[in-house]
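Novice: Contents are compact mmCIF, C-alpha atoms; file name work.txt:
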# COMPACT_ATOMS: atom_id res chain seq x y z
CA MET H 1479 -16.42 29.65 14.71
CA THR H 1480 -17.89 30.26 11.28
CA ASP H 1481 -20.03 27.39 10.02
CA VAL H 1482 -18.04 24.79 8.07
CA LEU H 1483 -19.69 22.79 5.30
CA ILE H 1484 -18.22 19.35 4.53
CA ARG H 1485 -19.43 17.89 1.24
CA PRO H 1486 -18.22 15.95 -1.80
CA ILE H 1487 -16.41 18.08 -4.36
CA THR H 1488 -17.95 17.66 -7.81
CA PRO H 1489 -16.53 18.22 -11.30
CA ASP H 1490 -18.49 21.51 -11.33
CA ASP H 1491 -16.43 22.89 -8.44
CA ASP H 1492 -13.53 25.26 -9.10
CA MET H 1493 -10.57 22.87 -9.43
CA ASP H 1494 -8.12 25.77 -9.74
CA ALA H 1495 -9.19 26.88 -6.27
CA GLN H 1496 -8.61 23.35 -4.98
CA LEU H 1497 -5.21 23.30 -6.66
CA ASP H 1498 -4.35 26.61 -5.00
CA LEU H 1499 -5.37 25.12 -1.65
CA GLY H 1500 -3.06 22.17 -2.22
CA GLN H 1501 -0.14 24.37 -3.19
CA ARG H 1502 -0.59 26.58 -0.14
CA ALA H 1503 -0.69 23.49 2.07
CA PHE H 1504 2.10 21.40 0.51
CA GLY H 1505 4.22 23.73 -1.64
CA ILE H 1506 4.23 24.78 -5.29
CA TYR H 1507 3.69 21.98 -7.78
CA SER H 1508 5.58 21.73 -11.05
CA ALA H 1509 3.62 21.97 -14.30
CA ALA H 1510 3.66 18.18 -14.61
CA GLN H 1511 2.50 17.75 -11.01
CA ARG H 1512 -0.33 20.22 -11.53
CA ALA H 1513 -1.53 18.40 -14.62
CA SER H 1514 -1.33 15.04 -12.86
CA TRP H 1515 -3.15 16.32 -9.79
CA LEU H 1516 -5.96 17.86 -11.84
CA THR H 1517 -6.48 14.59 -13.72
CA VAL H 1518 -6.74 12.53 -10.55
CA ALA H 1519 -8.83 15.14 -8.73
CA SER H 1520 -11.34 15.26 -11.58
CA LEU H 1521 -11.56 11.46 -11.59
CA ARG H 1522 -12.16 11.22 -7.83
CA ALA H 1523 -14.61 14.13 -7.88
CA GLY H 1524 -16.64 12.30 -10.50
CA GLN H 1525 -16.68 9.25 -8.22
CA GLY H 1526 -17.76 11.21 -5.14
CA MET H 1527 -14.44 10.41 -3.45
CA PHE H 1528 -13.04 13.93 -3.10
CA LEU H 1529 -14.33 15.70 0.01
CA GLY H 1530 -14.07 19.42 0.69
CA ALA H 1531 -14.50 21.71 3.66
CA PHE H 1532 -15.92 25.14 2.81
CA VAL H 1533 -16.14 28.34 4.85
CA ASP H 1534 -18.30 31.09 3.38
CA GLY H 1535 -18.31 29.14 0.12
CA LEU H 1536 -14.51 29.12 -0.18
CA PRO H 1537 -12.25 26.03 0.08
CA ALA H 1538 -10.89 25.63 3.60
CA GLY H 1539 -9.76 22.00 3.46
CA ALA H 1540 -10.00 18.80 1.44
CA ALA H 1541 -9.24 15.09 1.44
CA MET H 1542 -9.26 12.45 -1.29
CA LEU H 1543 -10.05 8.73 -1.25
CA HIS H 1544 -8.45 6.35 -3.75
CA ASP H 1545 -10.01 3.07 -4.87
CA MET H 1546 -7.35 0.42 -4.29
CA ARG H 1547 -6.91 -3.29 -3.68
CA GLN H 1548 -4.36 -4.11 -0.97
CA TRP H 1549 -2.81 -7.56 -1.04
CA TRP H 1550 -2.69 -9.61 2.15
CA LEU H 1551 -1.18 -13.10 1.90
CA GLY H 1552 -2.40 -13.75 -1.63
CA GLN H 1553 -5.81 -12.07 -1.28
CA ALA H 1554 -6.85 -8.65 -2.62
CA VAL H 1555 -8.75 -6.63 -0.01
CA PRO H 1556 -10.62 -3.47 -1.09
CA CYS H 1557 -8.85 -0.53 0.52
CA ALA H 1558 -9.59 3.20 0.63
CA GLY H 1559 -6.31 5.04 0.20
CA ILE H 1560 -6.50 8.42 1.91
CA ALA H 1561 -4.47 11.25 0.38
CA SER H 1562 -4.16 15.02 0.09
CA VAL H 1563 -5.61 15.71 3.54
CA LYS H 1564 -5.11 19.44 4.01
CA VAL H 1565 -6.46 22.53 5.70
CA ALA H 1566 -5.87 26.09 4.50
CA PRO H 1567 -3.24 27.84 6.67
CA GLU H 1568 -5.72 30.53 7.75
CA HIS H 1569 -8.18 27.89 9.03
CA ARG H 1570 -5.82 25.57 10.91
CA GLY H 1571 -6.38 24.84 14.57
CA ARG H 1572 -10.18 25.13 14.30
CA GLY H 1573 -11.10 21.44 14.08
CA ILE H 1574 -11.62 21.31 10.32
CA GLY H 1575 -9.08 18.51 9.89
CA ARG H 1576 -10.90 16.33 12.40
CA ARG H 1577 -14.25 16.94 10.75
CA LEU H 1578 -12.75 16.05 7.37
CA MET H 1579 -11.23 12.81 8.67
CA SER H 1580 -14.51 11.85 10.30
CA ALA H 1581 -16.28 12.35 6.96
CA VAL H 1582 -13.53 10.43 5.14
CA LEU H 1583 -13.87 7.44 7.46
CA ASP H 1584 -17.66 7.51 7.10
CA THR H 1585 -17.32 7.60 3.31
CA ALA H 1586 -14.93 4.63 3.32
CA ALA H 1587 -17.39 2.66 5.45
CA GLU H 1588 -20.43 3.63 3.38
CA ARG H 1589 -18.67 2.49 0.21
CA GLY H 1590 -17.83 -0.88 1.71
CA TYR H 1591 -14.07 -0.66 2.13
CA PRO H 1592 -12.89 -3.09 4.84
CA LEU H 1593 -9.53 -1.31 5.08
CA SER H 1594 -8.08 2.17 4.77
CA ALA H 1595 -4.42 3.15 4.43
CA LEU H 1596 -2.47 6.41 4.29
CA TYR H 1597 0.98 7.98 4.45
CA PRO H 1598 0.97 10.39 7.40
CA ALA H 1599 2.58 13.80 7.40
CA THR H 1600 1.89 13.70 11.14
CA THR H 1601 0.53 10.77 13.14
CA PRO H 1602 -1.49 12.10 16.13
CA ILE H 1603 -4.68 12.97 14.23
CA TYR H 1604 -4.69 9.68 12.34
CA ARG H 1605 -4.01 7.65 15.47
CA SER H 1606 -6.94 9.38 17.12
CA PHE H 1607 -9.11 7.93 14.32
CA GLY H 1608 -7.76 4.40 14.75
CA TYR H 1609 -4.95 4.32 12.16
CA GLU H 1610 -1.63 2.77 13.17
CA LEU H 1611 1.81 2.24 11.64
CA ALA H 1612 1.75 -0.94 9.60
CA GLY H 1613 4.48 -1.10 6.96
CA GLY H 1614 7.07 0.77 4.96
CA LYS H 1615 7.96 1.98 1.49
CA HIS H 1616 11.62 1.09 1.01
CA GLU H 1617 14.14 2.57 -1.39
CA ALA H 1618 17.43 0.88 -2.26
CA ALA H 1619 20.58 2.41 -3.74
CA ILE H 1620 22.24 0.03 -6.18
CA PRO H 1621 25.71 0.72 -7.65
CA SER H 1622 25.55 -0.05 -11.34
CA ARG H 1623 28.31 -2.63 -11.06
CA SER H 1624 25.92 -4.80 -9.03
CA LEU H 1625 23.71 -5.14 -12.09
CA ARG H 1626 26.45 -6.11 -14.57
CA GLY H 1627 25.38 -9.68 -15.07
CA LEU H 1628 22.84 -11.40 -12.86
CA ILE H 1629 23.76 -14.60 -11.02
CA ALA H 1630 22.78 -17.71 -12.96
CA PRO H 1631 20.04 -19.82 -11.34
CA ASP H 1632 21.07 -22.86 -9.32
CA VAL H 1633 17.95 -24.74 -10.37
CA ALA H 1634 16.36 -24.71 -13.81
CA PRO H 1635 12.84 -23.20 -13.89
CA GLY H 1636 11.49 -26.20 -15.76
CA PRO H 1637 11.39 -29.94 -14.93
CA ASP H 1638 15.05 -30.57 -15.84
CA GLY H 1639 16.40 -30.12 -12.32
CA PRO H 1640 19.63 -28.44 -11.20
CA VAL H 1641 21.91 -26.58 -13.57
CA PRO H 1642 25.66 -26.28 -13.10
CA SER H 1643 26.79 -23.42 -10.87
CA GLY H 1644 27.56 -20.42 -13.02
CA GLY H 1645 25.52 -21.76 -15.90
CA GLY H 1646 23.74 -19.52 -18.38
CA ALA H 1647 20.57 -17.65 -17.51
CA ALA H 1648 17.19 -18.72 -18.73
CA ASP H 1649 16.06 -17.58 -22.16
CA ALA H 1650 15.08 -13.93 -22.19
CA VAL H 1651 11.39 -13.07 -22.28
CA PRO H 1652 10.34 -10.63 -25.03
CA ILE H 1653 10.12 -7.04 -23.77
CA ARG H 1654 7.95 -4.27 -25.20
CA ARG H 1655 6.99 -0.73 -24.23
CA ALA H 1656 3.70 -0.40 -22.38
CA SER H 1657 1.09 2.25 -23.18
CA GLN H 1658 -2.22 3.45 -21.73
CA GLU H 1659 -3.96 0.69 -23.68
CA ASP H 1660 -2.13 -1.86 -21.53
CA ALA H 1661 -3.67 -0.64 -18.27
CA ALA H 1662 -5.82 -3.72 -17.74
CA ALA H 1663 -2.87 -6.02 -18.46
CA VAL H 1664 -0.65 -4.09 -16.04
CA ILE H 1665 -3.26 -4.32 -13.27
CA ALA H 1666 -3.67 -8.05 -13.89
CA ILE H 1667 0.08 -8.76 -13.94
CA THR H 1668 0.71 -6.72 -10.81
CA GLY H 1669 -2.09 -8.44 -8.93
CA ARG H 1670 -1.02 -11.89 -10.07
CA ALA H 1671 2.58 -11.22 -8.97
CA HIS H 1672 1.42 -10.14 -5.49
CA GLU H 1673 -0.92 -13.13 -5.27
CA LEU H 1674 1.79 -15.65 -6.15
CA ALA H 1675 4.27 -14.04 -3.74
CA ARG H 1676 1.67 -13.96 -0.94
CA ASP H 1677 2.66 -10.34 -0.42
CA ALA H 1678 1.42 -8.20 2.44
CA GLY H 1679 0.60 -4.53 1.92
CA PRO H 1680 1.24 -3.65 -1.74
CA ILE H 1681 -1.62 -2.27 -3.79
CA THR H 1682 -3.15 -2.41 -7.22
CA TRP H 1683 -5.01 0.61 -8.57
CA ASP H 1684 -8.19 1.07 -10.51
CA GLU H 1685 -7.85 1.72 -14.23
CA GLY H 1686 -7.94 5.54 -14.23
CA PRO H 1687 -4.72 6.18 -12.27
CA THR H 1688 -3.05 3.21 -13.98
CA ARG H 1689 -3.67 4.73 -17.42
CA GLN H 1690 -2.42 8.07 -16.17
CA ARG H 1691 0.84 6.59 -14.92
CA LEU H 1692 1.37 4.74 -18.20
CA ALA H 1693 0.89 8.02 -20.08
CA ARG H 1694 3.57 9.94 -18.17
CA GLN H 1695 6.20 11.38 -20.50
CA ASP H 1696 9.04 11.00 -17.99
CA THR H 1697 8.40 7.36 -17.10
CA TYR H 1698 9.36 4.33 -19.19
CA SER H 1699 7.13 1.31 -18.73
CA TYR H 1700 7.78 -2.18 -20.07
CA LEU H 1701 5.94 -5.48 -20.25
CA ALA H 1702 7.79 -8.80 -20.18
CA GLY H 1703 5.62 -11.23 -22.11
CA ASP H 1704 2.30 -11.49 -20.32
CA ASP H 1705 3.63 -11.87 -16.78
CA GLY H 1706 6.04 -9.04 -15.99
CA PHE H 1707 5.94 -5.24 -15.67
CA ALA H 1708 8.50 -2.58 -14.78
CA ALA H 1709 8.54 1.21 -14.75
CA TYR H 1710 11.48 3.58 -14.27
CA ARG H 1711 12.56 7.15 -14.95
CA TRP H 1712 15.64 9.32 -14.83
CA ALA H 1713 15.93 11.13 -11.51
CA ASP H 1714 15.55 14.91 -11.78
CA GLY H 1715 18.81 16.72 -12.47
CA SER H 1716 21.04 13.65 -12.20
CA LYS H 1717 22.27 10.58 -14.00
CA GLU H 1718 20.57 8.29 -11.51
CA LEU H 1719 17.93 5.87 -12.71
CA PHE H 1720 14.90 5.58 -10.45
CA VAL H 1721 13.02 2.26 -10.64
CA GLU H 1722 9.44 2.71 -9.48
CA ARG H 1723 8.47 -0.95 -9.66
CA VAL H 1724 9.37 -4.38 -10.98
CA HIS H 1725 6.62 -7.02 -10.81
CA ALA H 1726 7.00 -10.50 -12.27
CA CYS H 1727 5.21 -13.81 -12.02
CA THR H 1728 8.13 -15.91 -13.31
CA ALA H 1729 11.88 -15.98 -12.80
CA GLU H 1730 12.43 -15.52 -16.53
CA SER H 1731 10.38 -12.33 -16.72
CA LEU H 1732 12.04 -10.95 -13.60
CA ARG H 1733 15.50 -11.46 -15.08
CA SER H 1734 14.49 -9.94 -18.40
CA LEU H 1735 13.13 -6.79 -16.74
CA TRP H 1736 16.18 -6.31 -14.51
CA SER H 1737 18.38 -6.86 -17.57
CA VAL H 1738 16.68 -3.90 -19.27
CA ILE H 1739 17.31 -1.78 -16.19
CA ALA H 1740 20.92 -3.00 -15.96
CA SER H 1741 21.57 -1.99 -19.56
CA HIS H 1742 21.68 1.65 -18.39
CA GLY H 1743 24.77 0.95 -16.28
CA SER H 1744 27.12 2.72 -18.67
CA VAL H 1745 25.24 5.99 -18.06
CA ALA H 1746 23.71 5.66 -14.59
CA GLY H 1747 26.27 5.42 -11.81
CA THR H 1748 23.57 4.54 -9.30
CA VAL H 1749 20.18 2.92 -9.67
CA ARG H 1750 17.60 3.69 -6.99
CA ALA H 1751 14.69 1.32 -6.69
CA ARG H 1752 11.56 0.80 -4.63
CA ILE H 1753 11.65 -2.82 -3.62
CA ALA H 1754 10.39 -5.07 -0.86
CA PRO H 1755 12.73 -5.95 2.02
CA SER H 1756 12.68 -9.57 0.77
CA ASP H 1757 12.47 -8.73 -2.94
CA PRO H 1758 14.00 -11.40 -5.23
CA PHE H 1759 16.38 -8.69 -6.46
CA TRP H 1760 18.59 -9.20 -3.39
CA TRP H 1761 19.33 -12.76 -4.54
CA LEU H 1762 20.00 -11.90 -8.19
CA THR H 1763 23.01 -9.59 -8.11
CA ARG H 1764 26.66 -10.62 -7.94
CA GLU H 1765 27.71 -7.91 -5.49
CA ARG H 1766 26.15 -7.28 -2.09
CA ASP H 1767 26.65 -3.54 -2.08
CA ALA H 1768 23.03 -2.48 -2.60
CA THR H 1769 21.64 -0.86 0.53
CA LEU H 1770 18.26 0.30 1.83
CA THR H 1771 18.59 4.06 2.07
CA LYS H 1772 15.07 5.27 2.83
CA ARG H 1773 11.92 4.06 4.52
CA SER H 1774 8.58 5.88 4.62
CA MET H 1775 6.06 4.40 7.04
CA TRP H 1776 2.38 4.05 6.16
CA MET H 1777 -0.61 3.50 8.42
CA LEU H 1778 -3.52 1.06 8.29
CA ARG H 1779 -7.06 1.20 9.65
CA VAL H 1780 -9.57 -1.67 9.85
CA VAL H 1781 -12.85 -0.06 8.79
CA ASP H 1782 -15.07 -3.15 8.85
CA ALA H 1783 -13.57 -5.82 11.12
CA PRO H 1784 -15.58 -8.91 10.00
CA ALA H 1785 -15.18 -8.04 6.31
CA ALA H 1786 -11.45 -7.32 6.69
CA ILE H 1787 -10.79 -10.66 8.40
CA ALA H 1788 -12.89 -12.57 5.85
CA ALA H 1789 -11.05 -10.95 2.91
CA ARG H 1790 -7.49 -11.43 4.22
CA GLY H 1791 -5.32 -14.43 3.42
CA PHE H 1792 -3.79 -16.53 6.21
CA PRO H 1793 -1.17 -19.30 6.22
CA PRO H 1794 -3.01 -22.53 5.32
CA ALA H 1795 -1.21 -24.61 7.96
CA VAL H 1796 -2.02 -22.25 10.85
CA SER H 1797 -5.16 -22.34 12.99
CA ALA H 1798 -6.46 -20.15 15.80
CA ASP H 1799 -9.70 -19.89 17.74
CA LEU H 1800 -10.11 -17.31 20.48
CA ALA H 1801 -12.28 -14.58 21.95
CA LEU H 1802 -11.57 -10.93 21.13
CA GLU H 1803 -12.86 -7.77 22.74
CA ILE H 1804 -12.63 -4.79 20.35
CA LYS H 1805 -13.03 -1.19 21.45
CA ASP H 1806 -13.44 1.19 18.50
CA GLN H 1807 -14.83 4.65 19.23
CA SER H 1808 -14.82 5.88 15.62
CA ARG H 1809 -16.45 2.76 14.13
CA PRO H 1810 -18.80 1.45 16.86
CA ALA H 1811 -19.89 -1.45 14.63
CA ASN H 1812 -16.45 -2.98 15.21
CA SER H 1813 -16.79 -2.77 18.99
CA GLY H 1814 -17.90 -5.68 21.13
CA SER H 1815 -17.15 -9.33 21.79
CA TRP H 1816 -16.06 -11.48 18.87
CA GLN H 1817 -14.86 -14.99 18.19
CA LEU H 1818 -11.91 -15.12 15.78
CA THR H 1819 -11.39 -18.38 13.92
CA VAL H 1820 -8.54 -18.99 11.47
CA ALA H 1821 -8.30 -22.29 9.59
CA GLU H 1822 -7.28 -23.55 6.13
CA GLY H 1823 -6.06 -20.14 5.00
CA LYS H 1824 -9.26 -18.28 5.90
CA GLY H 1825 -10.45 -16.18 8.80
CA ILE H 1826 -13.87 -15.41 10.21
CA LEU H 1827 -14.95 -12.99 12.92
CA THR H 1828 -18.34 -13.76 14.44
CA PRO H 1829 -20.20 -11.90 17.20
CA ASN H 1830 -20.00 -13.42 20.65
CA GLY H 1831 -22.39 -13.11 23.55
CA PRO H 1832 -20.94 -11.98 26.85
CA VAL H 1833 -17.32 -13.13 26.90
CA SER H 1834 -17.04 -16.26 29.02
CA SER H 1835 -13.25 -16.27 29.04
CA SER H 1836 -11.70 -14.47 31.98
CA LEU H 1837 -8.83 -13.38 29.77
CA PRO H 1838 -10.19 -12.24 26.37
CA LEU H 1839 -7.65 -10.48 24.19
CA THR H 1840 -8.63 -6.80 24.16
CA LEU H 1841 -7.66 -4.48 21.30
CA GLY H 1842 -8.49 -0.93 20.37
CA ALA H 1843 -8.77 0.20 16.75
CA ARG H 1844 -5.04 0.92 16.54
CA GLY H 1845 -4.11 -2.46 17.97
CA LEU H 1846 -6.49 -4.23 15.60
CA GLY H 1847 -4.92 -2.51 12.58
CA ALA H 1848 -1.40 -3.29 13.76
CA LEU H 1849 -2.28 -6.93 14.44
CA TYR H 1850 -3.87 -7.21 10.97
CA ALA H 1851 -0.55 -6.02 9.52
CA GLY H 1852 1.44 -8.67 11.37
CA THR H 1853 2.75 -6.75 14.40
CA PRO H 1854 3.63 -9.32 17.11
CA LEU H 1855 1.45 -9.40 20.20
CA ALA H 1856 4.47 -8.82 22.45
CA THR H 1857 5.07 -5.53 20.65
CA LEU H 1858 1.41 -4.53 20.92
CA ARG H 1859 1.38 -5.26 24.63
CA LEU H 1860 4.51 -3.24 25.34
CA ALA H 1861 3.06 -0.34 23.30
CA GLY H 1862 -0.20 -0.43 25.25
CA LEU H 1863 -2.23 -1.58 22.25
CA ALA H 1864 -3.28 -5.01 23.56
CA ALA H 1865 -4.24 -6.55 26.92
CA GLY H 1866 -5.60 -9.83 28.23
CA GLY H 1867 -5.37 -13.07 26.34
CA THR H 1868 -2.91 -15.89 26.98
CA PRO H 1869 0.61 -16.80 25.81
CA HIS H 1870 -0.82 -19.73 23.84
CA ALA H 1871 -3.30 -17.45 22.05
CA ASP H 1872 -0.54 -14.91 21.39
CA ALA H 1873 1.58 -17.53 19.66
CA ALA H 1874 -1.35 -18.66 17.51
CA LEU H 1875 -2.20 -15.10 16.48
CA ASP H 1876 1.42 -14.23 15.72
CA ALA H 1877 1.59 -17.24 13.40
CA ALA H 1878 -1.77 -16.48 11.78
CA PHE H 1879 -1.11 -12.78 11.07
CA ALA H 1880 2.64 -13.04 10.37
CA ALA H 1881 3.57 -10.60 7.61
CA THR H 1882 6.19 -8.09 6.49
CA PRO H 1883 4.03 -5.34 4.96
CA TYR H 1884 5.40 -3.00 2.32
CA MET H 1885 4.31 -0.75 -0.54
CA VAL H 1886 6.06 0.62 -3.60
CA ASP H 1887 3.41 3.24 -4.41
CA ASP H 1888 3.04 6.90 -3.51
CA TYR H 1889 -0.42 8.43 -3.39
For this file, produce the structure as structure tokens.
Specialist:
Amino acid sequence: MTDVLIRPITPDDDMDAQLDLGQRAFGIYSAAQRASWLTVASLRAGQGMFLGAFVDGLPAGAAMLHDMRQWWLGQAVPCAGIASVKVAPEHRGRGIGRRLMSAVLDTAAERGYPLSALYPATTPIYRSFGYELAGGKHEAAIPSRSLRGLIAPDVAPGPDGPVPSGGGAADAVPIRRASQEDAAAVIAITGRAHELARDAGPITWDEGPTRQRLARQDTYSYLAGDDGFAAYRWADGSKELFVERVHACTAESLRSLWSVIASHGSVAGTVRARIAPSDPFWWLTRERDATLTKRSMWMLRVVDAPAAIAARGFPPAVSADLALEIKDQSRPANSGSWQLTVAEGKGILTPNGPVSSSLPLTLGARGLGALYAGTPLATLRLAGLAAGGTPHADAALDAAFAATPYMVDDY
């Protein structure tokens, strides 16, 4: 085949040609989508995180890396979010996609990301590079009547103890519109909320994309004091309200933000919201007629195994100590014999000599990523992603890595 050049796309490259490539691969973008894409593409090109494949000097494929922090049990782990992986229709089936993904994974490793995550349009190519299904992005449909008055708390948020059933809600927290200048505050609030909740999977962005999202004309963003943030918009062509996120560090801020959303009930017949499966929202509404209507699965890849384990949070009361055998063809540095130790909320992966145990737990790259995301060992075994080990070690690992991963972000 014709020689293919894989290299970083720079701000001097023809971005209109890259935009055309994206539209041919994914469909025509609206004017707002084009403007948004060009802003992000220029940012990532300036960071060396936008890779292109070129044939005879013309764009034949591309892939983008996003700088993210992914939260795992109260700890923020640097994560390379992979997006916009595409190959021009006339060049498909010639191995360009595989060469791009190989370069993407190398770039993530070179830049020190312990983890990488993506939303797959198709899974086989990503599985072949060690990515595996890890969590979901969930959307709930909420009839407006469910938001007409939130249930009063059973216990006061302060030191005063229980309040009577049906008592009044806590004092409202002041709400104000958020702007681009609040990007740092939004990042801090979002991260603090995920830390306090010991969430698994959600992300916080770097400042560039955060400012861009806050500048969108069709999205309404609000801050609740200094510890809550919400963003929503009207769904295209309908009277539905779409809630992109609600993050809060206190019960008072959470109630104040949902009260703002609920105030649209006279206009919006249905509110759709991206929320976690165990989001506090489910315990706030009077009616139980909100339902999960959509789930989009995302995939995870452990890029640097020792760094990923060291950066992740673990339950403080859980301990584990066992031998692992990792087989990772795409990232050979992860392969080999390791000793995994989890204690006091921290994990460490240290190189072992020849494994003395006759039953070391053996994982490939896909199994390692799925375990990291909390997939039970019994599931991994039945799926052919784990072998060896012992029932006692399985129970310890299941307790150590227990998680229900989710995201609320598209990218």
Novice: Go through H:Ala1619, H:Ile1653, H:Val1796, H:Val1820 one by one, measure the shortest atom-to-atom distance of each to Thr1771 of chain H using all atoms listed in the file, and give the residue with the smallest value.
Specialist: H:Ala1619
Novice: Near Phe1720 of chain H, within 12 Å and counting all atoms listed in the file, which residues show up once chain neighbours fewer than 3 positions away are dropped, as an MDAnalysis selection string?
Specialist: chainID H and resid 1617:1620 1696:1698 1708:1717 1723:1724 1739:1740 1742 1746:1753
Novice: What's around Leu1855 of chain H at 9 Å? Count all atoms listed in the file, leave out sequence neighbours fewer than 2 positions away in its own chain, and write the answer as number ranges by chain.
Specialist: H: 1849, 1852-1853, 1857-1860, 1863-1864, 1872-1873, 1875-1876
Novice: Please provide the set of residues having any atom within 12 Å of Gly1845 of chain H, restricted to all atoms listed in the file, with same-chain residues fewer than 3 positions apart removed, written as number ranges by chain.
Specialist: H: 1605, 1608-1612, 1777-1780, 1802-1806, 1839-1842, 1848-1865
Novice: Out of H:Ile1574, H:Val1664, H:Leu1719, H:Ala1595, which residue has the shortest atom-to-atom distance to Val1745 of chain H when counting all atoms listed in the file?
Specialist: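 Of H:Ile1574, H:Val1664, H:Leu1719, H:Ala1595, the one nearest Val1745 of chain H, counting all atoms listed in the file, is H:Leu1719.
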Novice: When distances are computed from all atoms listed in the file, which of H:Ile1667, H:Met1775, H:Ala1768, H:Ala1519 shows the smallest separation from Thr1600 of chain H?
Specialist: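 Using all atoms listed in the file, the shortest distance to Thr1600 of chain H belongs to H:Met1775.
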Novice: I'd like the contact shell of Pro1680 of chain H - 6 Å cut-off, all atoms listed in the file, skipping same-chain residues fewer than 6 positions apart - returned as a ChimeraX atom specification.
Specialist: /H:1548-1549,1884-1885
Novice: Those residues you just picked out, can you put them in a file as a compact mmCIF listing (two decimals), keeping the file's coordinate frame with C-alpha atoms?
Specialist:
# COMPACT_ATOMS: atom_id res chain seq x y z
CA GLN H 1548 -4.36 -4.11 -0.97
CA TRP H 1549 -2.81 -7.56 -1.04
CA TYR H 1884 5.40 -3.00 2.32
CA MET H 1885 4.31 -0.75 -0.54
